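Coordinates from target_19.pdb are shown below (PDB, C-alpha atoms).
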```
ATOM      1  CA  MET A 171     116.604  80.528 135.496
ATOM      2  CA  ALA A 172     115.805  79.221 138.963
ATOM      3  CA  HIS A 173     115.076  75.555 139.609
ATOM      4  CA  PRO A 174     111.807  74.686 141.339
ATOM      5  CA  SER A 175     112.029  75.355 145.087
ATOM      6  CA  GLN A 176     115.509  76.859 144.682
ATOM      7  CA  LEU A 177     116.620  78.777 147.764
ATOM      8  CA  GLY A 178     120.071  80.047 146.828
ATOM      9  CA  PHE A 179     121.366  82.263 144.050
ATOM     10  CA  GLN A 180     121.389  81.201 140.420
ATOM     11  CA  ASP A 181     124.746  80.149 138.972
ATOM     12  CA  ALA A 182     126.806  83.198 138.100
ATOM     13  CA  ALA A 183     127.112  84.092 134.443
ATOM     14  CA  SER A 184     129.203  87.211 134.881
ATOM     15  CA  PRO A 185     132.403  87.927 136.838
ATOM     16  CA  LEU A 186     130.597  90.436 139.026
ATOM     17  CA  MET A 187     127.970  87.906 140.063
ATOM     18  CA  GLU A 188     130.764  85.464 140.961
ATOM     19  CA  GLU A 189     132.227  88.094 143.282
ATOM     20  CA  LEU A 190     128.814  88.687 144.809
ATOM     21  CA  LEU A 191     128.368  84.950 145.390
ATOM     22  CA  HIS A 192     131.749  84.666 147.131
ATOM     23  CA  PHE A 193     131.000  87.665 149.313
ATOM     24  CA  HIS A 194     127.607  86.236 150.198
ATOM     25  CA  ASP A 195     129.269  82.940 151.185
ATOM     26  CA  HIS A 196     131.754  84.841 153.361
ATOM     27  CA  ALA A 197     129.115  86.937 155.128
ATOM     28  CA  LEU A 198     126.738  84.014 155.543
ATOM     29  CA  MET A 199     129.501  81.856 157.047
ATOM     30  CA  ILE A 200     130.175  84.559 159.645
ATOM     31  CA  VAL A 201     126.458  84.818 160.403
ATOM     32  CA  ILE A 202     126.115  81.046 160.777
ATOM     33  CA  LEU A 203     129.139  80.831 163.084
ATOM     34  CA  ILE A 204     127.853  83.614 165.327
ATOM     35  CA  SER A 205     124.328  82.223 165.433
ATOM     36  CA  THR A 206     125.561  78.720 166.250
ATOM     37  CA  MET A 207     127.706  80.083 169.062
ATOM     38  CA  VAL A 208     124.794  82.071 170.496
ATOM     39  CA  LEU A 209     122.468  79.087 170.265
ATOM     40  CA  TYR A 210     125.005  76.918 172.051
ATOM     41  CA  ILE A 211     125.446  79.484 174.822
ATOM     42  CA  ILE A 212     121.686  79.787 175.295
ATOM     43  CA  LEU A 213     121.267  76.017 175.548
ATOM     44  CA  ALA A 214     124.243  75.695 177.906
ATOM     45  CA  MET A 215     122.877  78.359 180.231
ATOM     46  CA  VAL A 216     119.366  77.007 180.199
ATOM     47  CA  THR A 217     120.386  73.432 180.954
ATOM     48  CA  ALA A 218     123.037  74.215 183.604
ATOM     49  CA  LYS A 219     122.147  73.187 187.143
ATOM     50  CA  LEU A 220     124.632  75.447 188.978
ATOM     51  CA  THR A 221     124.610  79.242 189.117
ATOM     52  CA  ASP A 222     127.504  81.501 190.131
ATOM     53  CA  LYS A 223     126.011  84.426 192.063
ATOM     54  CA  LEU A 224     129.341  86.070 192.874
ATOM     55  CA  VAL A 225     130.670  87.094 189.441
ATOM     56  CA  LEU A 226     129.689  90.708 188.950
ATOM     57  CA  ASP A 227     132.044  92.022 186.276
ATOM     58  CA  SER A 228     135.167  91.124 184.387
ATOM     59  CA  GLN A 229     137.338  93.546 182.490
ATOM     60  CA  GLU A 230     138.976  90.929 180.264
ATOM     61  CA  ILE A 231     135.811  89.470 178.796
ATOM     62  CA  GLU A 232     134.369  92.936 178.253
ATOM     63  CA  ILE A 233     137.409  93.861 176.189
ATOM     64  CA  ILE A 234     137.167  90.646 174.181
ATOM     65  CA  TRP A 235     133.525  91.028 173.319
ATOM     66  CA  THR A 236     134.036  94.593 172.204
ATOM     67  CA  VAL A 237     137.128  94.052 170.106
ATOM     68  CA  LEU A 238     136.121  90.787 168.439
ATOM     69  CA  PRO A 239     132.809  92.038 166.948
ATOM     70  CA  ALA A 240     134.572  95.174 165.721
ATOM     71  CA  ILE A 241     137.160  93.028 163.935
ATOM     72  CA  ILE A 242     134.416  90.831 162.458
ATOM     73  CA  LEU A 243     132.576  93.883 161.168
ATOM     74  CA  ILE A 244     135.729  95.201 159.532
ATOM     75  CA  LEU A 245     136.260  91.796 157.906
ATOM     76  CA  ILE A 246     132.769  92.040 156.431
ATOM     77  CA  ALA A 247     132.998  95.699 155.448
ATOM     78  CA  LEU A 248     136.248  95.548 153.466
ATOM     79  CA  PRO A 249     135.160  92.977 150.832
ATOM     80  CA  SER A 250     131.762  94.643 150.688
ATOM     81  CA  LEU A 251     133.226  98.039 149.840
ATOM     82  CA  ARG A 252     135.586  96.455 147.334
ATOM     83  CA  ILE A 253     132.703  94.883 145.429
ATOM     84  CA  SER A 254     130.715  98.086 145.654
ATOM     85  CA  TYR A 255     133.496 100.056 143.975
ATOM     86  CA  LEU A 256     134.066  97.229 141.489
ATOM     87  CA  MET A 257     130.454  97.527 140.345
ATOM     88  CA  ASP A 258     130.937 101.192 139.450
ATOM     89  CA  GLU A 259     133.987 100.689 137.275
ATOM     90  CA  ILE A 260     134.073 101.882 133.683
ATOM     91  CA  ASN A 261     135.275  99.008 131.573
ATOM     92  CA  ASP A 262     135.227 100.308 127.986
ATOM     93  CA  PRO A 263     132.117  98.611 126.584
ATOM     94  CA  HIS A 264     132.123  97.139 123.093
ATOM     95  CA  LEU A 265     128.384  97.560 122.612
ATOM     96  CA  THR A 266     125.683  99.849 123.963
ATOM     97  CA  ILE A 267     122.081  98.694 124.172
ATOM     98  CA  LYS A 268     119.138 100.767 125.311
ATOM     99  CA  ALA A 269     116.449  98.956 127.283
ATOM    100  CA  MET A 270     113.238 100.934 127.669
ATOM    101  CA  GLY A 271     110.470  99.801 129.998
ATOM    102  CA  HIS A 272     106.862 100.173 128.937
ATOM    103  CA  GLN A 273     103.610  98.949 130.351
ATOM    104  CA  TRP A 274     103.976  95.977 129.945
ATOM    105  CA  TYR A 275     106.943  95.029 127.763
ATOM    106  CA  TRP A 276     110.578  95.929 127.204
ATOM    107  CA  SER A 277     111.985  97.433 124.033
ATOM    108  CA  TYR A 278     115.630  97.160 123.041
ATOM    109  CA  GLU A 279     117.532  99.483 120.741
ATOM    110  CA  TYR A 280     120.933  98.678 119.249
ATOM    111  CA  THR A 281     121.900 101.963 117.653
ATOM    112  CA  ASP A 282     125.709 101.808 117.583
ATOM    113  CA  TYR A 283     126.094 100.993 113.920
ATOM    114  CA  GLU A 284     122.616 100.723 112.367
ATOM    115  CA  ASP A 285     119.135 101.438 113.656
ATOM    116  CA  LEU A 286     117.905  98.230 115.213
ATOM    117  CA  GLY A 287     114.996  98.258 117.629
ATOM    118  CA  PHE A 288     112.356  95.756 118.672
ATOM    119  CA  ASP A 289     109.860  95.049 121.411
ATOM    120  CA  SER A 290     109.993  92.068 123.720
ATOM    121  CA  TYR A 291     106.623  90.811 124.949
ATOM    122  CA  MET A 292     106.109  87.825 127.228
ATOM    123  CA  THR A 293     105.124  84.619 125.462
ATOM    124  CA  PRO A 294     101.554  83.901 126.682
ATOM    125  CA  THR A 295     101.187  80.604 128.514
ATOM    126  CA  GLN A 296      98.908  79.085 125.891
ATOM    127  CA  ASP A 297     101.510  79.772 123.166
ATOM    128  CA  LEU A 298     104.410  78.044 124.900
ATOM    129  CA  THR A 299     106.087  75.168 123.096
ATOM    130  CA  PRO A 300     107.214  72.120 125.144
ATOM    131  CA  GLY A 301     110.435  72.893 127.014
ATOM    132  CA  GLN A 302     109.807  76.621 127.335
ATOM    133  CA  PHE A 303     109.462  78.309 130.718
ATOM    134  CA  ARG A 304     106.134  79.741 131.833
ATOM    135  CA  LEU A 305     106.060  83.502 132.491
ATOM    136  CA  LEU A 306     109.765  83.785 131.615
ATOM    137  CA  GLU A 307     109.966  83.432 127.846
ATOM    138  CA  ALA A 308     109.671  86.411 125.531
ATOM    139  CA  ASP A 309     109.066  86.639 121.811
ATOM    140  CA  HIS A 310     112.283  88.576 121.044
ATOM    141  CA  ARG A 311     115.381  88.018 123.143
ATOM    142  CA  MET A 312     118.053  90.602 123.774
ATOM    143  CA  VAL A 313     120.969  88.962 122.004
ATOM    144  CA  THR A 314     124.482  89.931 123.093
ATOM    145  CA  PRO A 315     127.994  88.771 122.225
ATOM    146  CA  VAL A 316     129.591  86.620 124.907
ATOM    147  CA  GLU A 317     132.703  87.767 126.851
ATOM    148  CA  SER A 318     132.374  91.383 125.682
ATOM    149  CA  PRO A 319     131.758  94.292 128.027
ATOM    150  CA  ILE A 320     128.273  95.544 127.300
ATOM    151  CA  ARG A 321     126.740  98.795 128.424
ATOM    152  CA  VAL A 322     122.977  98.864 128.914
ATOM    153  CA  LEU A 323     121.213 102.209 129.246
ATOM    154  CA  ILE A 324     117.924 101.763 130.994
ATOM    155  CA  SER A 325     114.954 104.064 131.127
ATOM    156  CA  ALA A 326     111.173 103.921 131.037
ATOM    157  CA  GLU A 327     108.515 105.417 128.847
ATOM    158  CA  ASP A 328     105.652 105.574 131.323
ATOM    159  CA  VAL A 329     105.981 104.363 134.928
ATOM    160  CA  LEU A 330     108.778 102.914 137.031
ATOM    161  CA  HIS A 331     110.120  99.530 135.997
ATOM    162  CA  SER A 332     113.314  97.700 136.875
ATOM    163  CA  TRP A 333     115.573  95.679 134.563
ATOM    164  CA  ALA A 334     116.898  92.733 136.497
ATOM    165  CA  ILE A 335     118.763  89.521 135.606
ATOM    166  CA  PRO A 336     119.793  87.519 138.699
ATOM    167  CA  ALA A 337     122.339  85.326 136.896
ATOM    168  CA  LEU A 338     124.318  88.389 135.836
ATOM    169  CA  GLY A 339     123.923  90.241 139.131
ATOM    170  CA  VAL A 340     122.134  93.128 137.434
ATOM    171  CA  LYS A 341     119.185  95.082 138.743
ATOM    172  CA  VAL A 342     118.728  98.656 137.564
ATOM    173  CA  ASP A 343     115.640 100.810 137.975
ATOM    174  CA  ALA A 344     113.982 102.165 134.842
ATOM    175  CA  VAL A 345     112.870 105.671 135.762
ATOM    176  CA  PRO A 346     110.941 107.787 133.254
ATOM    177  CA  GLY A 347     112.924 110.866 132.355
ATOM    178  CA  ARG A 348     116.190 109.424 133.650
ATOM    179  CA  LEU A 349     118.905 107.331 132.047
ATOM    180  CA  ASN A 350     120.581 104.712 134.215
ATOM    181  CA  GLN A 351     123.671 102.856 133.070
ATOM    182  CA  THR A 352     124.998  99.425 133.878
ATOM    183  CA  THR A 353     127.863  97.445 132.374
ATOM    184  CA  PHE A 354     128.453  93.740 132.539
ATOM    185  CA  ILE A 355     130.385  90.939 130.845
ATOM    186  CA  ILE A 356     128.642  87.618 130.204
ATOM    187  CA  SER A 357     131.168  84.835 130.824
ATOM    188  CA  ARG A 358     129.458  81.958 129.018
ATOM    189  CA  PRO A 359     126.956  81.500 126.182
ATOM    190  CA  GLY A 360     123.420  80.816 127.317
ATOM    191  CA  VAL A 361     119.963  82.203 127.903
ATOM    192  CA  PHE A 362     119.431  84.223 131.071
ATOM    193  CA  PHE A 363     116.053  85.235 132.396
ATOM    194  CA  GLY A 364     114.899  88.041 134.615
ATOM    195  CA  GLN A 365     111.662  89.707 135.563
ATOM    196  CA  CYS A 366     110.541  93.302 135.954
ATOM    197  CA  SER A 367     111.453  94.297 139.513
ATOM    198  CA  GLU A 368     109.440  97.419 140.190
ATOM    199  CA  ILE A 369     105.660  97.385 140.503
ATOM    200  CA  CYS A 370     104.236  98.916 137.379
ATOM    201  CA  GLY A 371     100.593  97.959 137.095
ATOM    202  CA  ALA A 372      98.435  95.029 136.202
ATOM    203  CA  ASN A 373     100.978  93.023 134.199
ATOM    204  CA  HIS A 374     104.061  93.783 136.269
ATOM    205  CA  SER A 375     104.685  90.049 136.734
ATOM    206  CA  PHE A 376     104.287  89.402 133.012
ATOM    207  CA  MET A 377     107.057  91.406 131.405
ATOM    208  CA  PRO A 378     110.157  89.236 131.575
ATOM    209  CA  ILE A 379     113.645  90.016 130.316
ATOM    210  CA  VAL A 380     115.501  87.402 128.288
ATOM    211  CA  VAL A 381     119.177  87.841 127.413
ATOM    212  CA  GLU A 382     120.794  85.407 125.006
ATOM    213  CA  ALA A 383     124.593  85.415 124.935
ATOM    214  CA  VAL A 384     126.094  84.033 121.719
ATOM    215  CA  PRO A 385     129.522  84.042 120.061
ATOM    216  CA  LEU A 386     130.323  87.221 118.185
ATOM    217  CA  GLN A 387     129.790  85.718 114.722
ATOM    218  CA  HIS A 388     126.310  84.548 115.681
ATOM    219  CA  PHE A 389     125.566  87.986 117.093
ATOM    220  CA  GLU A 390     126.585  89.658 113.837
ATOM    221  CA  ASN A 391     124.427  87.226 111.827
ATOM    222  CA  TRP A 392     121.485  87.836 114.134
ATOM    223  CA  SER A 393     121.742  91.603 113.940
ATOM    224  CA  SER A 394     121.984  91.554 110.124
ATOM    225  CA  LEU A 395     118.901  89.350 110.018
ATOM    226  CA  MET A 396     116.975  91.610 112.398
ATOM    227  CA  ILE A 397     117.853  94.715 110.394
ATOM    228  CA  GLU A 398     116.681  93.063 107.150
ATOM    229  CA  GLU A 399     113.413  91.973 108.720
ATOM    230  CA  ALA A 400     112.556  95.452 109.897
TER
ATOM    231  CA  MET B 104     133.191 116.594 181.591
ATOM    232  CA  LEU B 105     136.201 114.939 180.060
ATOM    233  CA  ALA B 106     137.780 114.684 183.507
ATOM    234  CA  THR B 107     134.720 112.796 184.783
ATOM    235  CA  VAL B 108     134.809 110.429 181.822
ATOM    236  CA  GLY B 109     138.551 109.906 182.301
ATOM    237  CA  LYS B 110     138.068 109.088 185.992
ATOM    238  CA  GLN B 111     135.327 106.597 185.243
ATOM    239  CA  LEU B 112     137.413 105.003 182.534
ATOM    240  CA  ARG B 113     140.279 104.434 184.919
ATOM    241  CA  SER B 114     138.072 102.338 187.179
ATOM    242  CA  HIS B 115     136.536 100.453 184.212
ATOM    243  CA  PRO B 116     139.395  99.977 181.752
ATOM    244  CA  ALA B 117     137.351  97.477 179.734
ATOM    245  CA  LEU B 118     135.527 100.398 178.188
ATOM    246  CA  ILE B 119     138.627 101.756 176.496
ATOM    247  CA  PRO B 120     138.311  99.563 173.352
ATOM    248  CA  LEU B 121     134.724 100.782 173.060
ATOM    249  CA  PHE B 122     135.888 104.364 172.966
ATOM    250  CA  ILE B 123     138.586 103.473 170.447
ATOM    251  CA  PHE B 124     136.239 101.720 168.012
ATOM    252  CA  ILE B 125     133.316 104.122 168.320
ATOM    253  CA  GLY B 126     135.663 107.095 168.180
ATOM    254  CA  GLY B 127     137.409 105.621 165.155
ATOM    255  CA  GLY B 128     134.057 105.039 163.462
ATOM    256  CA  VAL B 129     132.979 108.625 164.116
ATOM    257  CA  VAL B 130     136.269 110.006 162.796
ATOM    258  CA  MET B 131     136.140 107.860 159.662
ATOM    259  CA  SER B 132     132.531 108.658 158.819
ATOM    260  CA  MET B 133     132.887 112.385 159.470
ATOM    261  CA  SER B 134     136.047 112.595 157.392
ATOM    262  CA  TYR B 135     134.376 110.725 154.517
ATOM    263  CA  LEU B 136     131.433 113.111 154.745
ATOM    264  CA  ALA B 137     133.811 116.070 154.661
ATOM    265  CA  ARG B 138     135.617 114.553 151.662
ATOM    266  CA  LEU B 139     132.316 114.175 149.852
ATOM    267  CA  ALA B 140     131.315 117.739 150.663
ATOM    268  CA  ILE B 141     134.589 119.233 149.475
ATOM    269  CA  ARG B 142     135.828 116.957 146.699
ATOM    270  CA  ASN B 143     132.730 115.399 145.133
ATOM    271  CA  PRO B 144     132.040 116.919 141.716
ATOM    272  CA  ASP B 145     128.287 116.561 142.266
ATOM    273  CA  VAL B 146     128.388 119.198 145.015
ATOM    274  CA  CYS B 147     128.133 122.919 144.173
ATOM    275  CA  TRP B 148     129.159 125.441 146.836
ATOM    276  CA  ASP B 149     129.792 128.540 144.752
ATOM    277  CA  ARG B 150     126.975 129.265 142.359
ATOM    278  CA  LYS B 151     128.626 132.314 140.876
ATOM    279  CA  ASN B 152     132.197 131.203 140.187
ATOM    280  CA  ASN B 153     131.887 127.428 139.890
ATOM    281  CA  PRO B 154     128.252 126.662 139.102
ATOM    282  CA  GLU B 155     128.451 123.139 137.644
ATOM    283  CA  PRO B 156     131.631 121.347 138.727
ATOM    284  CA  TRP B 157     130.428 118.059 137.239
ATOM    285  CA  ASN B 158     131.019 119.449 133.779
ATOM    286  CA  LYS B 159     134.724 119.877 134.447
ATOM    287  CA  LEU B 160     135.778 116.245 134.810
ATOM    288  CA  GLY B 161     138.519 114.884 132.574
ATOM    289  CA  PRO B 162     138.934 111.213 131.623
ATOM    290  CA  THR B 163     141.882 110.725 133.978
ATOM    291  CA  ASP B 164     140.200 112.215 137.070
ATOM    292  CA  GLN B 165     139.541 109.792 139.856
ATOM    293  CA  TYR B 166     136.811 111.186 142.041
ATOM    294  CA  LYS B 167     135.864 107.946 143.745
ATOM    295  CA  PHE B 168     137.600 106.925 146.896
ATOM    296  CA  TYR B 169     139.001 103.595 145.831
ATOM    297  CA  ALA B 170     139.918 102.319 142.374
ATOM    298  CA  VAL B 171     139.772  98.525 142.311
ATOM    299  CA  GLY B 172     140.751  97.638 138.784
ATOM    300  CA  ILE B 173     141.192 100.727 136.643
ATOM    301  CA  ASP B 174     144.352 102.676 136.212
ATOM    302  CA  TYR B 175     142.921 106.125 135.700
ATOM    303  CA  LYS B 176     146.072 107.470 134.084
ATOM    304  CA  LYS B 177     145.543 105.182 131.116
ATOM    305  CA  LEU B 178     142.012 106.263 130.215
ATOM    306  CA  LYS B 179     141.423 108.430 127.176
ATOM    307  CA  LYS B 180     138.596 110.732 126.258
ATOM    308  CA  GLU B 181     136.145 109.076 123.887
ATOM    309  CA  GLY B 182     133.799 111.833 122.810
ATOM    310  CA  PRO B 183     134.451 114.946 120.718
ATOM    311  CA  ASP B 184     135.979 118.112 122.188
ATOM    312  CA  PHE B 185     133.579 121.014 122.400
TER
END
```
Take the structure in this file and express it as structure tokens.
Amino acid sequence: MAHPSQLGFQDAASPLMEELLHFHDHALMIVILISTMVLYIILAMVTAKLTDKLVLDSQEIEIIWTVLPAIILILIALPSLRISYLMDEINDPHLTIKAMGHQWYWSYEYTDYEDLGFDSYMTPTQDLTPGQFRLLEADHRMVTPVESPIRVLISAEDVLHSWAIPALGVKVDAVPGRLNQTTFIISRPGVFFGQCSEICGANHSFMPIVVEAVPLQHFENWSSLMIEEA
Amino acid sequence: MLATVGKQLRSHPALIPLFIFIGGGVVMSMSYLARLAIRNPDVCWDRKNNPEPWNKLGPTDQYKFYAVGIDYKKLKKEGPDF
């Protein structure tokens, strides 16, 4: 989850999010360099005492400031397209989970081997135990095995929602009547939080998503326990 | 009109890179658009003879422009034949 007053991205928990972070660093560095150069030029021109009234045009500088921005744009576009195509790759998922958005909770179905389904409501603030996060915790977490490619099929039962987890670099709209697919691999065990990212009514801010990545043995124990409880 | 542009370019040669980059951008975007129109399986031109081309994809078809990590020749079909 985000620290208080955090400005940057959360630490990446999936290889795709790492790529997105590196690309963001690359693009932001270019933006900072250009902005610093422009700021310097503005200050230099404003504070200069002398003015040259006789320079009217120059072919060389015109060529430079056409070619250089074009090269910079290509240097931004190529990694961007690479990541874009990387996101759409099919990577042979080991597990398929269905996440359905309702007003105002998520429901998860693990139907690969047995019928396992449960709802995930936000833990109300008055029921939080010490150490839990306000407006982020849910009563049932979506448990997944770590380091396995997972496919999540996302849809909605009533209005638009969006299933988003910043640490994994995932944000997929839940559209009623439509099935959207995303795949990701969680690189490390942990608990990752997200919030509904499409306005869906009164409790839009109060339907969080909690993904808990555990080793495979723990995941198998958890799913057996959940099936017995049902 | 091209003769006028050519004459003006000769007296302002600094504009030549502009023509190169903008022209290159136009060519690249139009050719990608044409590729999408002709080769994308989501597009249907002939409703009588080829009504739903998206149903005809095999597991080794690469219809995207650029494959970063997958070798499409190694993929196999997962579902049943019907």
Selection: 9 Å around stretch 115-132 of chain B, all atoms listed in the file, excl. self and same-chain fewer than 3 positions, as a list of chain:residue names: A:Ser228, A:Gln229, A:Glu230, A:Ile231, A:Glu232, A:Ile233, A:Ile234, A:Thr236, A:Val237, A:Ala240, B:Lys110, B:Gln111, B:Leu112, B:Tyr135, B:Leu136, B:Ala137
Store the residues picked out above in a file with C-alpha atoms, as an mmCIF file, keeping the file's coordinate frame.
```cif
data_model
loop_
_atom_site.group_PDB
_atom_site.id
_atom_site.type_symbol
_atom_site.label_atom_id
_atom_site.label_comp_id
_atom_site.auth_asym_id
_atom_site.auth_seq_id
_atom_site.Cartn_x
_atom_site.Cartn_y
_atom_site.Cartn_z
ATOM 1 C CA SER A 228 135.167 91.124 184.387
ATOM 2 C CA GLN A 229 137.338 93.546 182.490
ATOM 3 C CA GLU A 230 138.976 90.929 180.264
ATOM 4 C CA ILE A 231 135.811 89.470 178.796
ATOM 5 C CA GLU A 232 134.369 92.936 178.253
ATOM 6 C CA ILE A 233 137.409 93.861 176.189
ATOM 7 C CA ILE A 234 137.167 90.646 174.181
ATOM 8 C CA THR A 236 134.036 94.593 172.204
ATOM 9 C CA VAL A 237 137.128 94.052 170.106
ATOM 10 C CA ALA A 240 134.572 95.174 165.721
ATOM 11 C CA LYS B 110 138.068 109.088 185.992
ATOM 12 C CA GLN B 111 135.327 106.597 185.243
ATOM 13 C CA LEU B 112 137.413 105.003 182.534
ATOM 14 C CA TYR B 135 134.376 110.725 154.517
ATOM 15 C CA LEU B 136 131.433 113.111 154.745
ATOM 16 C CA ALA B 137 133.811 116.070 154.661
#
```
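Here the PyMOL selection byres ((chain A and resi 275) around 6) catches exactly these residues: His272, Gln273, Trp274, Trp276, Ser290, Tyr291 and Met377 of chain A.
The spacing separating atom CA of A:Met199 from atom CA of A:Ile253 amounts to 17.7 Å.
For the pair atom CA of A:Ala337 and atom CA of A:Ile202, the interatomic distance is 24.6 Å.
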Separation of atom CA of A:Lys341 from atom CA of A:Leu248, in Å and rounded to one decimal: 22.5 Å
Padded axis-aligned box of stretch 344-347 of chain A (5 Å per side), centre and edge lengths, Å, one decimal, as lines of an AutoDock Vina configuration file:
```
center_x = 112.5
center_y = 106.5
center_z = 134.1
size_x = 13.0
size_y = 18.7
size_z = 13.4
```
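Nearest-residue note for A:Leu256: choosing from B:Phe168, B:Thr163, B:Glu155, B:Ser114, the minimum distance belongs to B:Phe168, counting all atoms listed in the file.
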Exercise: B:Lys167 partners within 12 Å, only C-alpha atoms, chain neighbours under 6 positions left out, as a VMD selection string: (chain A and resid 251 254 to 256 258 to 260) or (chain B and resid 135 138 to 139 142 to 145 173 175)
I'd like to see the residues matched by the PyMOL selection byres ((chain A and resi 188) around 12) on this file, and ideally I'd get them as a ChimeraX atom specification. /A:179-187,189-195,253,336-339,355-357
Put those residues in a file: C-alpha atoms, as a short mmCIF file (atom, residue, chain, number, x, y, z; two decimals), keeping the file's coordinate frame.
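After the write, part_25.cif holds the following:
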```
data_model
loop_
_atom_site.label_atom_id
_atom_site.label_comp_id
_atom_site.auth_asym_id
_atom_site.auth_seq_id
_atom_site.Cartn_x
_atom_site.Cartn_y
_atom_site.Cartn_z
CA PHE A 179 121.37 82.26 144.05
CA GLN A 180 121.39 81.20 140.42
CA ASP A 181 124.75 80.15 138.97
CA ALA A 182 126.81 83.20 138.10
CA ALA A 183 127.11 84.09 134.44
CA SER A 184 129.20 87.21 134.88
CA PRO A 185 132.40 87.93 136.84
CA LEU A 186 130.60 90.44 139.03
CA MET A 187 127.97 87.91 140.06
CA GLU A 189 132.23 88.09 143.28
CA LEU A 190 128.81 88.69 144.81
CA LEU A 191 128.37 84.95 145.39
CA HIS A 192 131.75 84.67 147.13
CA PHE A 193 131.00 87.66 149.31
CA HIS A 194 127.61 86.24 150.20
CA ASP A 195 129.27 82.94 151.18
CA ILE A 253 132.70 94.88 145.43
CA PRO A 336 119.79 87.52 138.70
CA ALA A 337 122.34 85.33 136.90
CA LEU A 338 124.32 88.39 135.84
CA GLY A 339 123.92 90.24 139.13
CA ILE A 355 130.38 90.94 130.84
CA ILE A 356 128.64 87.62 130.20
CA SER A 357 131.17 84.84 130.82
#
```
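Candidate residues B:Asn153, B:Leu105, B:Gln165, B:Cys147 were compared for distance to chain A, and the nearest is B:Gln165, using all atoms listed in the file.
Proximity ranking of B:Asp184, B:Met104, B:Pro154, B:Tyr169 relative to chain A places B:Tyr169 first, based on all atoms listed in the file.
Evaluated on this file, the PyMOL selection byres ((chain A and resi 314) around 9) matches Leu265, Met312, Val313, Pro315, Val316, Ser318, Ile320, Ile356, Val381, Glu382, Ala383, Val384, Pro385, Leu386 and Phe389 of chain A.
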Mind checking which residues fall within 10 Å of A:Val322, counting all atoms listed in the file, ignoring those fewer than 3 positions away in the same chain, and posting them as number ranges by chain? A: 263, 265-269, 278-280, 319, 325, 333, 342, 349-354
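Distance check against chain A using only C-alpha atoms: of B:Pro183, B:Lys151, B:Leu178, B:Val108, the minimum falls on B:Leu178.
Counting only C-alpha atoms and comparing B:Met133, B:Ala140, B:Arg113, B:Arg150, the residue that lies closest to chain A is B:Arg113.
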